[in-house]
Amino acid sequence: LHYPLRRQRQMCIRDSYIPKRAVFGRNFGETTLQYGQNDTLGFAIEQNIAVSEGTAVLVAASYYERDFDQEFSYERSKDIGILLRQRLSKNDEISIDYEHMYRRNNRGNGIPKMKTLWGAPEGTYDGHVLGGNKHIGLWGTDFVEEHGDKNTRGKYMWGERKIDAYNIKWLHRFSDNVNLRVSYYDIVQDQPYNFASSMPNEMRVDEDLNFVKWVNPGRPTYRDQIATGSGINVDLTVNWNIGESKQTTLFTYDSTKSGKYIWDIGAGNSAEANLLNGPLELIDRDWGNYSPATTPEIYNQLRDHYQEDKDVEGLFLMHRGSFFDDKLKVMIGGRYDDATSSKARMKDSSDPWEVTKAVTGLSSGASDDVTYNMGLNYSINPRTIVYASRSTSFNPKGSFYSHGEQEAMPNEGGKGTELGIRTTIFEDNIDIGVNYYVVERNNKKMSNPNWLPGDTSSDGYKNIPSEGDLDQNGLNPLTLVQAQAYEDAYRYAVPTQIPSGLDRVDGFEAFANGRLNDNLSFRASIGTANTEYVRTSTAYLVGNEFMRVPRWTHSLSGRYAFREGDLKGLVLSASYNGQAGFRQENNSDLRWNLRTDDVSNLRLAASYSWAPSDKVSHKVAVSMDNALGHEGLRLHGYLTEDRKIVGSYTLKY
């Protein structure tokens with residue numbers, strides 16, 4: 001029900017949204033009502049208005065709300081959009097659209113992971129011998145049983161997002177084979193929200209697994225973040241032939257400008273501010289229950305105010321062609337991008353609620369890169385195709401990571417490869433295939449755990465190893481030379497943000513889909529993914545290598561449509577997907593049992609449609625998610641989602 005000017009398209013890997021278009025020469029509309037468990041309520045309407053032969057308007061709006069199983073967790077959103085499509089001449093067309101979206105949610109954090117007490121003697125925890133400050137296996141299931149599902153952010157830790165977006169497109173047809181498209185967009189996203197800068201991410205337990213206290217119970221902070229973006233895109237598409245071989249060449253120029261403006265207002269305990277604002281509720285440090293804080297936390301201290309801008313210009317050239325009587329289809333493209341970034345930190349006045357826009361810190365950086373993508377399909381026979389693709393990516397971070405914030409973060413890069421084969425069987429009614437893929441990302445941005453802002457006594461560093469300390473594998477003691485190398489590298493130039501190394505996943509998927517007859521269709525898949533996350537070469541200071549061992553995934557879906565008789569218009573469907581053998585490991589903390597061997601979801605749905613006339617149709621539908629009632633792994637803990645039933649009615653006219 002979200003994104004009124006975009007329609008959702010189901011894909012194998014993810015859902016994507018593609019813009020809707022106003023339609024010339026026809027008036028029609030659609031209205032949907034939705035109601036279900038978890039206090040789910042939704043409404044959506046869209047209306048296409050044909051003003052004249054060359055003018056059409058599409059108006060759409062929606063509202064959606066629901067609660068979650070966790071206490072104080074919910075989502076509320078509303079959207080409205082309008083699109084004007086105007087034919088200027090036989091070869092020219094322009095469209096203008098505007099969309100507004102507002103969303104408030106409080107998803108919070110799940111049950112936190114648990115650690116043994118600081119300085120605890122070696123003892124047996126959950127069947128394992130551990131010392132102090134070590135992770136134990138379970139992620140709070142006992143806590144859930146005793147206290148219920150807790151949202152550790154609390155009922156006041158909500159988040160807001162407001163988006164206003166404009167888009168203008170002009171399409172010109174030079175001929176049937178040459179098209180020019182020019183578009184301009186402008187978007188403003190405002191995120192005024194409460195959030196906790198250091199909410200509980202761990203819970204301490206004693207030798208008997210009794211819960212003792214939260215770690216970092218958190219101090220609320222009010223933040224107002226405004227993000228802006230604008231850009232222009234120019235596409236020239238040329239279709240041409242070499243003999244009977246069809247060719248397409250695309251040339252693109254685009255320029256984007258984005259900015260981010262952030263104000264952070266921290267918590268204090270001003271009595272005067274308390275009279276105006278009242279106390280906030282915080283998490284009790286012992287059991288996680290909600291109670292008024294002993295010292296009211298008031299948003300009355302300006303902590304930070306900065307502005308960040310990023311401009312990117314790019315050129316892209318792509319060619320797609322077919323050869324050998326369309327047996328071989330090839331696509332190859334290359335792109336050049338040039339990015340500049342700047343960041344200014346503002347100075348606050350003596351009044352914490354006012355800001356003097358005097359720049360106290362200014363940094364800038366520039367980067368560029370050439371990336372490429374290519375792919376091919378080869379038809380072995382009319383039913384069988386082999387395919388392969390390779391691509392790289394460029395993502396300027398637009399931030400700065402040296403101690404003085406004068407050095408730009410290295411670009412985040414990526415590369416991916418896919419190989420596969422697919423064919424049809426049973427008179428082309430069933431499509432089967434298998435593919436193998438490898439995807440890598442480099443230089444992902446992360447906060448440096450060794451940076452202590454404002455800690456002048458240690459020059460902003462911590463955890464510098466000394467001679468005799470064990471190396472990052474915990475095996476060999478460091479020599480004096482090795483320890484001094486860490487000292488020289490980190491004591492006087494500790495980055496606040498660092499590139500976090502390599503994120504890699506590889507695996508395969510086998511699939512089959514098609515129709516068994518005119519009524520019954522299906523899709524099935526099975527595959528595995530081997531993922532690893534390797535930190536930088538300074539892993540001793542930043543953290544140990546983190547891996548996820550192979551994970552099996554499987555899915556099966558089916559759809560049966562009654563096309564005749566008394567049940568004509570009834571459609572029954574079921575979809576099942578799951579994973580098995582999933583486990584997380586950390587060689588330092590020995591996180592046993594952080595696993596769920598069987599995470600799955602079964603969705604059942606039924607719908608009935610009827611059309612009393614050619615212009616009017618009705619549809620009622622009901623669906624049940626999590627029909628098996630299984631637990632699922634959610635971020636920092638287990639969150640059991642009950643079976644959820646939702647019904648809807650749609651009128652098309």
# chains A, B, ... in the order shown; residues from 1 in each chain; ligands from 1
$ residues_around --residues "Asn377 (chain A)" --least-positions-apart "6" --cutoff "12 Å" --atoms "only C-alpha atoms" --output "PyMOL selection string"
chain A and resi 320-324+326-331+384-389+418-422
$ write_last_selection --atoms "C-alpha atoms" --output "PDB file, in the first residue's frame"
ATOM      1  CA  ARG A 320      23.632  -4.481 -26.657  1.00  0.00           C
ATOM      2  CA  GLY A 321      23.603  -6.672 -29.761  1.00  0.00           C
ATOM      3  CA  SER A 322      22.607 -10.068 -31.128  1.00  0.00           C
ATOM      4  CA  PHE A 323      24.649 -12.269 -33.472  1.00  0.00           C
ATOM      5  CA  PHE A 324      24.569 -15.630 -35.241  1.00  0.00           C
ATOM      6  CA  ASP A 326      20.100 -14.343 -32.426  1.00  0.00           C
ATOM      7  CA  LYS A 327      21.863 -17.323 -30.836  1.00  0.00           C
ATOM      8  CA  LEU A 328      24.369 -15.038 -29.105  1.00  0.00           C
ATOM      9  CA  LYS A 329      23.275 -11.883 -27.292  1.00  0.00           C
ATOM     10  CA  VAL A 330      25.950  -9.634 -25.809  1.00  0.00           C
ATOM     11  CA  MET A 331      25.801  -6.567 -23.576  1.00  0.00           C
ATOM     12  CA  THR A 384      18.552 -24.176 -23.648  1.00  0.00           C
ATOM     13  CA  ILE A 385      20.487 -21.013 -22.785  1.00  0.00           C
ATOM     14  CA  VAL A 386      23.780 -20.496 -20.954  1.00  0.00           C
ATOM     15  CA  TYR A 387      24.423 -17.054 -19.508  1.00  0.00           C
ATOM     16  CA  ALA A 388      27.160 -15.150 -17.712  1.00  0.00           C
ATOM     17  CA  SER A 389      27.600 -11.645 -16.336  1.00  0.00           C
ATOM     18  CA  GLU A 418      27.177 -14.939 -12.214  1.00  0.00           C
ATOM     19  CA  LEU A 419      27.153 -18.085 -14.383  1.00  0.00           C
ATOM     20  CA  GLY A 420      24.126 -20.205 -15.196  1.00  0.00           C
ATOM     21  CA  ILE A 421      22.214 -22.472 -17.503  1.00  0.00           C
ATOM     22  CA  ARG A 422      18.467 -22.855 -18.005  1.00  0.00           C
TER      23      ARG A 422
END
$ residues_around --residues "Asp431 (chain A)" --least-positions-apart "5" --cutoff "8 Å" --atoms "only C-alpha atoms" --output "list of chain:residue names"
A:Arg422, A:Thr423, A:Thr424, A:Ile425, A:Ala512, A:Asn513, A:Gly514
$ write_last_selection --atoms "N, CA and C atoms" --output "compact mmCIF listing (two decimals), in the first residue's frame"
# COMPACT_ATOMS: atom_id res chain seq x y z
N ARG A 422 19.89 -22.59 -18.19
CA ARG A 422 18.47 -22.86 -18.00
C ARG A 422 17.89 -23.46 -19.28
N THR A 423 16.85 -24.28 -19.11
CA THR A 423 16.23 -24.93 -20.23
C THR A 423 14.76 -25.17 -19.92
N THR A 424 14.01 -25.59 -20.90
CA THR A 424 12.59 -25.89 -20.70
C THR A 424 12.34 -27.36 -20.99
N ILE A 425 11.35 -27.93 -20.30
CA ILE A 425 10.98 -29.32 -20.48
C ILE A 425 9.46 -29.42 -20.55
N ALA A 512 13.07 -24.29 -10.52
CA ALA A 512 12.14 -24.82 -11.50
C ALA A 512 10.83 -24.07 -11.35
N ASN A 513 10.23 -23.66 -12.45
CA ASN A 513 8.94 -22.99 -12.38
C ASN A 513 8.20 -23.19 -13.69
N GLY A 514 6.88 -23.11 -13.61
CA GLY A 514 6.09 -23.28 -14.81
C GLY A 514 4.67 -23.68 -14.50
$ closest_residue --among "A:Asn517, A:Asn381, A:Asn241, A:Gln70" --to "Phe426 (chain A)" --atoms "only C-alpha atoms"
A:Asn517
$ atom_distance --atom1 "CA of Leu516 (chain A)" --atom2 "CA of Val620 (chain A)"
25.9 Å
$ residues_around --residues "Met101 (chain A)" --least-positions-apart "6" --cutoff "6 Å" --atoms "only C-alpha atoms" --output "PyMOL selection string"
chain A and resi 78-79+162-163
$ residues_around --residues "region 164-166 of chain A" --least-positions-apart "3" --cutoff "12 Å" --atoms "only C-alpha atoms" --output "PyMOL selection string"
chain A and resi 3+5+79-84+95-102+161+169+183-191+226-231
